[in-house]
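Chemist: File follows, query_11.txt with compact mmCIF, C-alpha atoms:
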```
# COMPACT_ATOMS: atom_id res chain seq x y z
CA MET A 20 -12.30 -2.28 -33.04
CA SER A 21 -12.74 -1.31 -29.38
CA GLN A 22 -11.39 -3.61 -26.69
CA ILE A 23 -12.16 -3.73 -22.98
CA VAL A 24 -9.53 -2.05 -20.81
CA GLN A 25 -7.87 -4.64 -18.59
CA PHE A 26 -6.10 -3.76 -15.36
CA GLU A 27 -3.18 -5.28 -13.48
CA PRO A 28 -4.16 -5.65 -9.78
CA PHE A 29 -1.84 -4.71 -6.97
CA SER A 30 0.19 -7.27 -5.01
CA SER A 31 1.19 -6.37 -1.47
CA THR A 32 4.84 -6.33 -0.42
CA ILE A 33 5.37 -6.35 3.34
CA GLU A 34 8.76 -5.75 4.90
CA PRO A 35 9.50 -8.01 7.92
CA GLU A 36 9.88 -5.02 10.25
CA PHE A 37 6.24 -4.17 9.67
CA TRP A 38 5.08 -7.08 11.81
CA ALA A 39 7.10 -5.84 14.79
CA GLY A 40 5.45 -2.46 14.35
CA LEU A 41 2.01 -4.07 14.17
CA ALA A 42 2.65 -6.07 17.37
CA HIS A 43 3.83 -2.91 19.14
CA HIS A 44 0.77 -1.02 17.90
CA LYS A 45 -1.53 -3.74 19.21
CA LEU A 46 0.09 -3.95 22.65
CA HIS A 47 0.76 -0.30 23.35
CA SER A 48 -1.68 1.75 21.27
CA ALA A 49 -4.75 -0.14 20.03
CA ARG A 50 -5.01 -2.73 22.83
CA LEU A 51 -8.65 -3.92 22.62
CA ASP A 52 -9.74 -1.01 20.44
CA THR A 53 -10.76 -2.20 16.94
CA THR A 54 -11.32 1.28 15.52
CA ARG A 55 -9.55 1.61 12.19
CA ALA A 56 -6.10 3.19 12.27
CA GLY A 57 -4.29 5.16 9.61
CA ILE A 58 -1.24 3.69 7.88
CA THR A 59 0.61 4.50 4.65
CA GLY A 60 2.08 2.64 1.71
CA GLU A 61 3.65 3.46 -1.62
CA PHE A 62 3.79 2.25 -5.20
CA ILE A 63 6.18 3.06 -8.02
CA GLY A 64 6.11 2.99 -11.79
CA GLY A 65 6.25 -0.57 -13.11
CA ARG A 66 9.22 -1.56 -15.24
CA ARG A 67 10.29 -4.92 -16.60
CA HIS A 68 13.56 -6.44 -15.46
CA ALA A 69 16.23 -7.62 -17.87
CA VAL A 70 16.85 -11.38 -17.83
CA ARG A 71 19.99 -12.54 -19.63
CA GLY A 72 20.66 -16.08 -20.80
CA ASN A 73 23.83 -18.05 -20.17
CA THR A 74 24.79 -18.16 -23.85
CA ALA A 75 27.02 -15.38 -25.10
CA GLY A 76 25.16 -13.04 -27.42
CA GLU A 77 21.76 -14.39 -26.36
CA ILE A 78 18.92 -11.87 -26.68
CA VAL A 79 17.99 -10.20 -23.42
CA GLN A 80 14.42 -10.91 -22.28
CA ARG A 81 12.56 -8.30 -20.25
CA ALA A 82 10.43 -10.05 -17.63
CA ALA A 83 7.35 -8.37 -16.16
CA VAL A 84 6.93 -8.27 -12.38
CA PRO A 85 3.64 -7.76 -10.50
CA ALA A 86 2.46 -4.29 -9.63
CA ARG A 87 3.57 -3.79 -6.03
CA LEU A 88 2.23 -1.73 -3.16
CA ARG A 89 4.80 -1.71 -0.37
CA VAL A 90 4.28 -1.26 3.35
CA SER A 91 7.05 -1.16 5.95
CA GLN A 92 7.59 -0.32 9.62
CA GLY A 93 7.90 3.33 8.63
CA ILE A 94 4.13 3.49 7.98
CA TRP A 95 3.53 4.03 11.71
CA SER A 96 3.41 7.71 12.60
CA SER A 97 5.57 8.93 15.48
CA SER A 98 2.48 10.07 17.37
CA ASP A 99 1.26 6.50 17.34
CA GLY A 100 4.20 5.46 19.48
CA SER A 101 4.69 2.25 17.54
CA GLY A 102 8.37 2.67 17.03
CA GLY A 103 8.26 3.54 13.34
CA ASN A 104 11.50 4.87 11.94
CA THR A 105 12.14 6.09 8.42
CA SER A 106 15.86 6.66 8.88
CA ASP A 107 18.54 4.57 7.25
CA ASP A 108 21.65 3.13 8.88
CA ASN A 109 23.51 6.43 8.55
CA GLY A 110 20.79 8.36 10.34
CA ALA A 111 19.57 10.07 7.18
CA SER A 112 15.86 10.42 6.63
CA ALA A 113 14.62 7.98 4.00
CA GLN A 114 12.47 9.53 1.29
CA PRO A 115 9.65 7.60 -0.39
CA SER A 116 10.64 6.37 -3.84
CA GLY A 117 7.09 6.24 -5.20
CA VAL A 118 3.59 7.55 -4.75
CA THR A 119 2.62 7.63 -1.08
CA VAL A 120 -0.98 6.57 -0.42
CA ALA A 121 -3.06 6.34 2.73
CA GLY A 122 -4.35 3.06 4.12
CA HIS A 123 -6.81 1.90 6.76
CA LEU A 124 -5.86 -0.78 9.28
CA TYR A 125 -8.68 -2.88 10.74
CA ASN A 126 -7.07 -5.03 13.44
CA THR A 127 -9.41 -7.54 15.10
CA ASN A 128 -9.05 -9.07 18.57
CA THR A 129 -9.85 -12.70 17.72
CA ILE A 130 -9.54 -15.01 14.75
CA GLU A 131 -13.32 -15.45 14.81
CA GLU A 132 -13.82 -11.69 14.36
CA PHE A 133 -11.32 -11.74 11.51
CA LYS A 134 -13.14 -14.54 9.69
CA LYS A 135 -16.64 -13.12 10.24
CA TYR A 136 -15.78 -9.55 9.23
CA ASP A 137 -18.04 -8.28 6.44
CA LYS A 138 -15.37 -7.82 3.77
CA GLY A 139 -17.79 -6.63 1.11
CA GLU A 140 -19.24 -3.91 3.33
CA LEU A 141 -15.74 -2.80 4.36
CA LEU A 142 -14.68 -2.33 0.74
CA ARG A 143 -17.92 -0.58 -0.20
CA GLY A 144 -17.51 1.82 2.71
CA VAL A 145 -14.06 2.89 1.53
CA GLY A 146 -15.38 3.09 -2.05
CA THR A 147 -18.08 5.49 -0.85
CA GLU A 148 -15.38 7.65 0.75
CA ILE A 149 -13.52 7.73 -2.59
CA LEU A 150 -16.68 8.93 -4.37
CA ASP A 151 -17.24 11.57 -1.68
CA ASP A 152 -13.69 12.86 -2.18
CA ILE A 153 -14.29 13.02 -5.94
CA ARG A 154 -17.62 14.86 -5.67
CA SER A 155 -16.32 17.33 -3.10
CA GLY A 156 -13.26 18.21 -5.20
CA ARG A 157 -10.77 16.98 -2.58
CA ALA A 158 -9.46 14.27 -4.92
CA THR A 159 -8.82 16.87 -7.63
CA LYS A 160 -6.50 18.75 -5.28
CA LYS A 161 -5.01 15.58 -3.75
CA PRO A 162 -5.12 12.72 -6.29
CA GLU A 163 -3.64 10.28 -3.77
CA LEU A 164 -7.11 10.20 -2.17
CA LEU A 165 -8.20 8.14 -5.18
CA TRP A 166 -6.05 5.17 -4.12
CA PRO A 167 -6.56 4.24 -0.46
CA PHE A 168 -5.93 0.65 0.58
CA VAL A 169 -7.25 -1.44 3.46
CA LEU A 170 -5.55 -4.02 5.66
CA LEU A 171 -7.73 -6.40 7.66
CA SER A 172 -5.63 -8.28 10.21
CA PHE A 173 -5.52 -10.45 13.30
CA SER A 174 -2.30 -10.70 15.32
CA ASP A 175 -1.89 -13.89 17.36
CA LEU A 176 0.92 -12.60 19.58
CA LYS A 177 1.18 -15.82 21.60
CA LYS A 178 2.24 -17.80 18.53
CA TYR A 179 3.35 -14.83 16.39
CA HIS A 180 0.97 -15.76 13.60
CA PHE A 181 -0.25 -12.76 11.59
CA TYR A 182 -3.41 -13.22 9.53
CA HIS A 183 -3.96 -10.45 7.01
CA TRP A 184 -5.83 -9.49 3.87
CA PHE A 185 -5.13 -6.44 1.72
CA GLY A 186 -7.78 -4.68 -0.31
CA PHE A 187 -7.30 -2.05 -3.01
CA PRO A 188 -10.78 -0.54 -3.49
CA ALA A 189 -11.64 0.35 -7.08
CA VAL A 190 -14.99 1.73 -8.25
CA THR A 191 -15.78 -0.49 -11.22
CA ALA A 192 -17.53 0.49 -14.45
CA ASP A 193 -20.30 -1.65 -15.91
CA PRO A 194 -20.36 -1.47 -18.93
CA PRO A 195 -16.55 -1.34 -18.83
CA ASP A 196 -14.36 1.34 -20.37
CA THR A 197 -12.82 0.46 -23.73
CA TYR A 198 -9.84 1.50 -25.83
CA GLU A 199 -9.09 1.61 -29.51
CA LYS A 200 -5.36 2.27 -29.69
CA MET A 201 -2.44 1.47 -27.40
CA THR A 202 1.15 2.39 -28.29
CA LEU A 203 4.49 2.79 -26.56
CA LEU A 204 5.33 6.37 -25.71
CA SER A 205 8.63 6.04 -27.60
CA SER A 206 6.66 5.14 -30.75
CA HIS A 207 4.04 7.82 -30.18
CA ILE A 208 6.64 10.57 -29.80
CA GLY A 209 9.32 9.26 -32.11
CA SER A 210 11.99 11.72 -30.96
CA GLU A 211 14.64 10.65 -28.48
CA ALA A 212 15.39 14.29 -27.67
CA ASP A 213 11.74 14.81 -26.70
CA LEU A 214 11.85 11.72 -24.45
CA ASP A 215 14.93 13.14 -22.73
CA ALA A 216 13.04 16.40 -22.27
CA LEU A 217 10.19 14.50 -20.60
CA ARG A 218 12.63 13.00 -18.10
CA VAL A 219 13.82 16.45 -17.13
CA ALA A 220 10.31 17.92 -16.98
CA TYR A 221 9.03 15.06 -14.82
CA ALA A 222 11.94 15.22 -12.38
CA ASP A 223 11.65 18.99 -12.09
CA TYR A 224 7.90 18.84 -11.48
CA ALA A 225 8.17 15.97 -8.95
CA ALA A 226 4.96 14.47 -10.32
CA SER A 227 5.42 11.37 -8.16
CA THR A 228 4.13 13.39 -5.21
CA TYR A 229 0.79 13.62 -6.99
CA GLY A 230 0.40 10.22 -8.64
CA ALA A 231 -1.83 11.71 -11.34
CA PHE A 232 -1.28 14.83 -13.42
CA LEU A 233 -1.77 16.39 -16.84
CA VAL A 234 1.00 16.57 -19.41
CA ARG A 235 1.04 18.81 -22.49
CA TYR A 236 3.27 17.84 -25.40
CA GLU A 237 4.14 20.51 -27.93
CA PRO A 238 7.03 19.54 -30.23
CA ASN A 239 9.40 22.01 -31.83
CA THR A 240 9.02 24.57 -29.05
CA SER A 241 11.24 25.82 -26.24
CA ARG A 242 9.17 23.87 -23.69
CA VAL A 243 8.31 20.55 -25.28
CA TRP A 244 6.63 19.20 -22.15
CA GLN A 245 4.60 21.03 -19.55
CA LEU A 246 3.09 19.29 -16.53
CA TYR A 247 -0.01 20.42 -14.67
CA SER A 248 -1.99 19.28 -11.67
CA LEU A 249 -5.50 17.87 -12.12
CA ALA A 250 -6.88 21.14 -10.72
CA GLU A 251 -5.34 22.95 -13.72
CA TRP A 252 -7.41 20.98 -16.24
CA ASP A 253 -8.93 24.03 -17.97
CA ASP A 254 -5.57 25.77 -18.36
CA ALA A 255 -3.83 22.66 -19.70
CA PHE A 256 -6.44 21.92 -22.34
CA ALA A 257 -6.99 25.57 -23.28
CA LYS A 258 -3.30 25.93 -24.14
CA THR A 259 -3.46 22.76 -26.23
CA HIS A 260 -5.85 24.45 -28.63
CA GLU A 261 -3.35 27.27 -29.14
CA GLY A 262 -0.71 25.00 -30.71
CA GLU A 263 -1.34 23.27 -34.02
CA HIS A 264 0.51 20.07 -33.07
CA ALA A 265 0.10 20.24 -29.30
CA GLU A 266 -1.76 17.63 -27.28
CA THR A 267 -2.65 17.25 -23.61
CA MET A 268 -2.88 13.86 -21.94
CA LEU A 269 -4.20 12.63 -18.62
CA ALA A 270 -1.24 10.91 -16.93
CA PHE A 271 -0.66 8.74 -13.87
CA ILE A 272 2.17 6.74 -12.31
CA ASP A 273 1.50 3.26 -13.66
CA PRO A 274 2.74 0.43 -11.37
CA SER A 275 1.99 -2.22 -14.00
CA SER A 276 4.73 -3.67 -16.18
CA HIS A 277 2.36 -5.81 -18.26
CA ALA A 278 2.40 -5.20 -21.99
CA SER A 279 -1.36 -4.65 -22.31
CA ARG A 280 -2.84 -4.54 -18.79
CA LEU A 281 -2.82 -1.05 -17.30
CA GLY A 282 -2.16 -0.15 -13.68
CA TRP A 283 -4.87 -0.53 -11.03
CA PRO A 284 -4.86 3.22 -10.09
CA LEU A 285 -6.34 4.05 -13.51
CA ARG A 286 -9.68 2.54 -12.47
CA ASN A 287 -10.42 5.24 -9.91
CA LEU A 288 -8.82 7.91 -12.09
CA LEU A 289 -11.38 7.10 -14.81
CA THR A 290 -14.09 7.26 -12.14
CA TRP A 291 -12.81 10.75 -11.33
CA MET A 292 -13.11 11.60 -15.05
CA ARG A 293 -16.71 10.36 -15.15
CA HIS A 294 -17.76 12.60 -12.28
CA THR A 295 -15.72 15.75 -12.86
CA HIS A 296 -15.72 15.91 -16.68
CA ALA A 297 -18.92 14.16 -17.67
CA GLU A 298 -18.95 15.96 -21.04
CA ILE A 299 -15.78 14.08 -22.16
CA ASN A 300 -16.27 10.55 -23.46
CA ARG A 301 -12.79 9.96 -24.83
CA VAL A 302 -9.42 10.79 -23.32
CA ARG A 303 -5.80 10.08 -24.19
CA VAL A 304 -3.97 8.64 -21.19
CA LEU A 305 -0.24 8.45 -20.55
CA CYS A 306 0.51 5.41 -18.39
CA PHE A 307 3.86 6.60 -17.05
CA ARG A 308 6.10 3.68 -16.09
CA ASP A 309 9.48 5.37 -16.27
CA ALA A 310 9.63 7.30 -13.00
CA ALA A 311 12.71 5.24 -12.06
CA LEU A 312 14.59 6.97 -14.87
CA CYS A 313 13.61 10.42 -13.58
CA THR A 314 15.02 11.01 -10.11
CA THR A 315 16.50 14.52 -10.05
CA PRO A 316 17.15 16.98 -12.88
CA SER A 317 20.94 16.68 -12.52
CA SER A 318 20.94 12.88 -12.60
CA VAL A 319 18.56 12.90 -15.56
CA GLN A 320 20.99 15.02 -17.53
CA GLN A 321 23.81 12.64 -16.64
CA GLN A 322 21.74 9.66 -17.84
CA GLN A 323 20.67 11.16 -21.15
CA SER A 324 23.73 9.89 -22.97
CA LYS A 325 23.31 6.39 -21.48
CA ILE A 326 19.57 5.73 -21.90
CA GLY A 327 18.02 5.45 -25.33
CA SER A 328 14.40 5.65 -26.39
CA SER A 329 14.11 1.84 -26.14
CA ALA A 330 14.43 2.14 -22.34
CA PHE A 331 11.07 3.93 -22.14
CA GLU A 332 8.21 1.54 -21.36
CA SER A 333 5.39 4.05 -20.81
CA ILE A 334 2.19 3.54 -22.81
CA VAL A 335 -0.17 5.97 -24.52
CA VAL A 336 -3.76 4.75 -24.85
CA ASP A 337 -6.97 6.33 -26.14
CA ILE A 338 -9.79 5.35 -23.77
CA ASN A 339 -13.53 5.54 -24.36
CA VAL A 340 -14.92 6.51 -20.95
CA THR A 341 -18.30 5.01 -20.07
CA ALA A 342 -20.66 7.85 -19.17
CA LEU A 343 -21.91 8.06 -15.61
CA ALA A 344 -25.52 7.92 -16.80
CA ASP A 345 -24.85 4.63 -18.64
CA LEU A 346 -23.51 2.74 -15.60
CA LYS A 347 -25.68 -0.04 -14.19
CA SER A 348 -24.33 0.78 -10.71
CA ALA A 349 -22.43 3.89 -9.67
CA ASN A 350 -20.95 2.43 -6.48
CA SER A 351 -19.83 -1.10 -7.37
CA VAL A 352 -16.47 -1.71 -5.69
CA SER A 353 -13.91 -4.52 -5.99
CA GLY A 354 -10.29 -5.00 -5.02
CA TRP A 355 -9.53 -7.77 -2.49
CA GLU A 356 -6.09 -9.23 -3.11
CA ARG A 357 -5.69 -12.87 -4.14
CA ASN A 358 -3.42 -15.08 -2.06
CA GLU A 359 -0.42 -17.14 -3.17
CA ARG A 360 -2.83 -19.80 -4.54
CA ASP A 361 -4.60 -17.17 -6.65
CA LYS A 362 -7.73 -17.41 -4.50
CA LEU A 363 -9.73 -14.65 -2.86
CA ALA A 364 -8.62 -15.53 0.65
CA PRO A 365 -6.38 -14.08 3.38
CA ARG A 366 -2.75 -14.91 4.01
CA MET A 367 -0.89 -15.93 7.16
CA VAL A 368 2.68 -15.14 8.17
CA ASN A 369 4.26 -17.43 10.78
CA LEU A 370 7.18 -15.79 12.57
CA SER A 371 7.41 -18.22 15.51
CA SER A 372 10.21 -20.21 13.87
CA THR A 373 12.37 -17.10 13.75
CA MET A 374 12.07 -16.39 17.48
CA ASP A 375 13.91 -17.76 20.51
CA PRO A 376 11.53 -20.21 22.32
CA VAL A 377 12.31 -18.57 25.68
CA ARG A 378 11.50 -15.12 24.32
CA LEU A 379 8.35 -16.51 22.72
CA ALA A 380 7.20 -17.92 26.09
CA GLU A 381 7.95 -14.60 27.78
CA SER A 382 6.03 -12.77 25.07
CA ALA A 383 3.01 -15.05 25.62
CA LEU A 384 3.12 -14.35 29.36
CA ASP A 385 3.39 -10.61 28.75
CA LEU A 386 0.39 -10.78 26.44
CA ASN A 387 -1.68 -12.52 29.14
CA LEU A 388 -0.72 -9.78 31.59
CA GLN A 389 -1.67 -7.07 29.11
CA LEU A 390 -5.06 -8.68 28.53
CA MET A 391 -5.73 -8.91 32.27
CA ARG A 392 -4.76 -5.28 32.72
CA TRP A 393 -6.94 -4.08 29.83
CA ARG A 394 -10.00 -5.98 31.03
CA LEU A 395 -9.68 -6.07 34.83
CA ALA A 396 -7.36 -3.39 36.15
CA PRO A 397 -6.39 -0.74 33.57
CA SER A 398 -4.56 1.41 36.15
CA ILE A 399 -2.02 -1.27 37.14
CA ASP A 400 1.61 -0.57 36.25
CA LEU A 401 2.91 -3.92 34.96
CA ALA A 402 6.49 -2.67 34.66
CA LYS A 403 6.51 -1.77 38.32
CA ILE A 404 5.14 -5.19 39.24
CA ALA A 405 7.77 -6.92 37.08
CA GLY A 406 10.49 -5.10 39.02
CA THR A 407 9.05 -6.09 42.40
CA ARG A 408 10.89 -8.65 44.57
CA ALA A 409 8.83 -10.95 46.81
CA LEU A 410 9.76 -12.91 49.92
CA LEU A 411 7.58 -15.91 50.74
CA VAL A 412 7.91 -17.39 54.21
CA GLY A 413 6.59 -20.93 53.92
CA ALA A 414 6.40 -22.89 50.69
CA GLY A 415 3.55 -25.20 51.56
CA THR A 416 0.14 -25.34 49.97
CA LEU A 417 -0.69 -21.70 50.69
CA GLY A 418 2.78 -20.48 49.71
CA ALA A 419 2.70 -22.41 46.44
CA TYR A 420 -0.63 -20.88 45.45
CA ALA A 421 0.63 -17.42 46.40
CA ALA A 422 3.75 -18.00 44.26
CA ARG A 423 1.61 -19.00 41.28
CA ALA A 424 -0.48 -15.86 41.65
CA LEU A 425 2.63 -13.66 41.83
CA LEU A 426 4.10 -15.30 38.75
CA ALA A 427 0.82 -14.91 36.90
CA TRP A 428 0.90 -11.15 37.54
CA GLY A 429 4.46 -10.79 36.32
CA VAL A 430 6.58 -10.90 39.47
CA ARG A 431 9.86 -12.44 38.29
CA LYS A 432 11.98 -12.56 41.50
CA ILE A 433 10.64 -14.62 44.42
CA THR A 434 12.66 -15.83 47.39
CA PHE A 435 11.29 -18.81 49.36
CA ILE A 436 12.02 -19.54 53.04
CA ASP A 437 10.88 -22.91 54.42
CA ASN A 438 12.28 -25.25 57.07
CA GLY A 439 10.78 -28.38 55.57
CA ARG A 440 12.46 -30.91 53.39
CA VAL A 441 11.00 -32.08 50.10
CA SER A 442 11.43 -35.74 49.26
CA PHE A 443 11.28 -37.14 45.74
CA SER A 444 8.16 -39.07 46.72
CA ASN A 445 6.33 -35.88 47.62
CA PRO A 446 3.85 -35.12 44.80
```
Take the structure I supplied and represent it as structure tokens, if you would.
Modeler:
Amino acid sequence: MSQIVQFEPFSSTIEPEFWAGLAHHKLHSARLDTTRAGITGEFIGGRRHAVRGNTAGEIVQRAAVPARLRVSQGIWSSSDGSGGNTSDDNGASAQPSGVTVAGHLYNTNTIEEFKKYDKGELLRGVGTEILDDIRSGRATKKPELLWPFVLLSFSDLKKYHFYHWFGFPAVTADPPDTYEKMTLLSSHIGSEADLDALRVAYADYAASTYGAFLVRYEPNTSRVWQLYSLAEWDDAFAKTHEGEHAETMLAFIDPSSHASRLGWPLRNLLTWMRHTHAEINRVRVLCFRDAALCTTPSSVQQQQSKIGSSAFESIVVDINVTALADLKSANSVSGWERNERDKLAPRMVNLSSTMDPVRLAESALDLNLQLMRWRLAPSIDLAKIAGTRALLVGAGTLGAYAARALLAWGVRKITFIDNGRVSFSNP
């Protein structure tokens, strides 16, 4: 009996350094400009973590963790000038460990703009771009275009409160896609040697750079596994017909670790299927969750004697794809992330408690100066003003007002000369 395909939604993971990069981007690049900016994130294959009990000999439980999409300070391009750095402590360039995807940052100027933003229209707009990439063939050549994400934010840099809401646009199917059979890859293949061969083939092909690919399985041959890009669809399936026991599967890096809910990227991959291969109404999909076991060919070979077939958590599922002509709506889009209370609402990060109060006050003053420069005098060099020294002769009413004005514009060093004496009774 057919069952509706259920999907595990993404959860955002934000590294603390990201907020410093966002503040720098706001102050030195975006300023008052609310035009969307490009950022990047990544997701990896989802695997369950072993949880051991305290009792000796107790059975190990494998706990599922949410599907994560991670963003860090390194998402800022060097041309943006936001101080992004993808190097580690030793100066080596850090390589992404998962599928790199593009994102769109919509940073508002006020909390009112953030609250009133048309979230539905924003998501539909990105969904339309996904469909355009599918119809034009760009997504076939670059599957990562199927999985953009959005970040709507407001940065209160006086209090260092960051309001944000992630969205992972997915073109939904109504009626939904269904499946009839779902099995573990280790059970579907049944040969540990063939699973080892898949590790080697995956690492050699570097399929993580694509996110989605085709995989042909032909047992009892010199090349048990062959991987192809989505653009090589005809070649991959034509060769399948040549072998009596060969099969070709549509595969993707599955960030889900849930036993029966498949990864969120599959939603747009099935949309791609509907538009590019409308004649196919059923497809076998490999939900590949074992990319962590397949780093480089040499390390895979070293691990083969240590990792058994039980370590593989990938799933093979036969999906009945709803035809494009049968959809009630071809551009229905969903994907806003739920907050920590499991509600469709934004989140807020408060970093003020982690900052020195003096530095926080200085930051608030600097922000006021930046706002005045952006709106009143864009050509003023605030750094030059901050380095200026002022001498005020007379600290009466006029001198006090002049001092306030100098302080307001960022002059930090003022020397006062006055012959009067100030008594404690002087207000």
Chemist: Counting only C-alpha atoms, which of A:Ala121, A:Ile130, A:Val190, A:Leu176 gets nearest to Asn369 in chain A?
Modeler: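 With only C-alpha atoms as the atom set, the closest residue is A:Leu176.
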Chemist: Could you tell me which of A:Gly122, A:Pro194, A:Gly146, A:Gly65 comes closest to Thr341 in chain A if we count only C-alpha atoms?
Modeler: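 Of the candidates, the smallest distance to Thr341 in chain A is held by A:Pro194.
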Chemist: Skipping near chain neighbours, those fewer than 6 positions away, what residues fall within 12 Å of Val304 in chain A using only C-alpha atoms, listed as an mmCIF file with C-alpha atoms, in the coordinates of the input?
Modeler:
```
data_model
loop_
_atom_site.group_PDB
_atom_site.id
_atom_site.type_symbol
_atom_site.label_atom_id
_atom_site.label_comp_id
_atom_site.auth_asym_id
_atom_site.auth_seq_id
_atom_site.Cartn_x
_atom_site.Cartn_y
_atom_site.Cartn_z
ATOM 1 C CA TYR A 198 -9.840 1.500 -25.830
ATOM 2 C CA LYS A 200 -5.360 2.270 -29.690
ATOM 3 C CA MET A 201 -2.440 1.470 -27.400
ATOM 4 C CA THR A 202 1.150 2.390 -28.290
ATOM 5 C CA LEU A 203 4.490 2.790 -26.560
ATOM 6 C CA LEU A 204 5.330 6.370 -25.710
ATOM 7 C CA ALA A 231 -1.830 11.710 -11.340
ATOM 8 C CA PHE A 232 -1.280 14.830 -13.420
ATOM 9 C CA LEU A 233 -1.770 16.390 -16.840
ATOM 10 C CA VAL A 234 1.000 16.570 -19.410
ATOM 11 C CA ARG A 235 1.040 18.810 -22.490
ATOM 12 C CA GLU A 266 -1.760 17.630 -27.280
ATOM 13 C CA THR A 267 -2.650 17.250 -23.610
ATOM 14 C CA MET A 268 -2.880 13.860 -21.940
ATOM 15 C CA LEU A 269 -4.200 12.630 -18.620
ATOM 16 C CA ALA A 270 -1.240 10.910 -16.930
ATOM 17 C CA PHE A 271 -0.660 8.740 -13.870
ATOM 18 C CA ILE A 272 2.170 6.740 -12.310
ATOM 19 C CA ASP A 273 1.500 3.260 -13.660
ATOM 20 C CA LEU A 281 -2.820 -1.050 -17.300
ATOM 21 C CA GLY A 282 -2.160 -0.150 -13.680
ATOM 22 C CA LEU A 285 -6.340 4.050 -13.510
ATOM 23 C CA LEU A 288 -8.820 7.910 -12.090
ATOM 24 C CA LEU A 289 -11.380 7.100 -14.810
ATOM 25 C CA MET A 292 -13.110 11.600 -15.050
ATOM 26 C CA SER A 333 5.390 4.050 -20.810
ATOM 27 C CA ILE A 334 2.190 3.540 -22.810
ATOM 28 C CA VAL A 335 -0.170 5.970 -24.520
ATOM 29 C CA VAL A 336 -3.760 4.750 -24.850
ATOM 30 C CA ASP A 337 -6.970 6.330 -26.140
ATOM 31 C CA ILE A 338 -9.790 5.350 -23.770
ATOM 32 C CA ASN A 339 -13.530 5.540 -24.360
ATOM 33 C CA VAL A 340 -14.920 6.510 -20.950
#
```
Chemist: Taking only residues of range 332-377 of chain A that have an atom at most 10 Å from an atom of range 138-144 of chain A, what is each one's shortest atom pair and its distance in Å to one decimal, using all atoms listed in the file, in chain and number order, as JSON lines?
Modeler:
```
{"residue": "A:Asn350", "atom": "CA", "partner": "A:Arg143", "partner_atom": "CA", "distance": 7.6}
{"residue": "A:Ser351", "atom": "CA", "partner": "A:Arg143", "partner_atom": "CA", "distance": 7.4}
{"residue": "A:Val352", "atom": "CA", "partner": "A:Arg143", "partner_atom": "CA", "distance": 5.8}
{"residue": "A:Ser353", "atom": "CA", "partner": "A:Leu142", "partner_atom": "CA", "distance": 7.1}
{"residue": "A:Gly354", "atom": "CA", "partner": "A:Leu142", "partner_atom": "CA", "distance": 7.7}
{"residue": "A:Trp355", "atom": "CA", "partner": "A:Leu142", "partner_atom": "CA", "distance": 8.2}
```
Chemist: In Å to one decimal, how far is CA of Ala278 in chain A from CA of Glu332 in chain A?
Modeler: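 So the two atoms, CA of Glu332 in chain A and CA of Ala278 in chain A, lie 8.9 Å apart.
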Chemist: Compute the distance from (-3.0, 21.7, -19.1) to each atom, counting all atoms listed in the file, keep the residues with any atom at most 12 Å away, and return them as a VMD selection string; use the coordinates of the file.
Modeler: chain A and resid 232 to 237 244 to 261 265 to 270
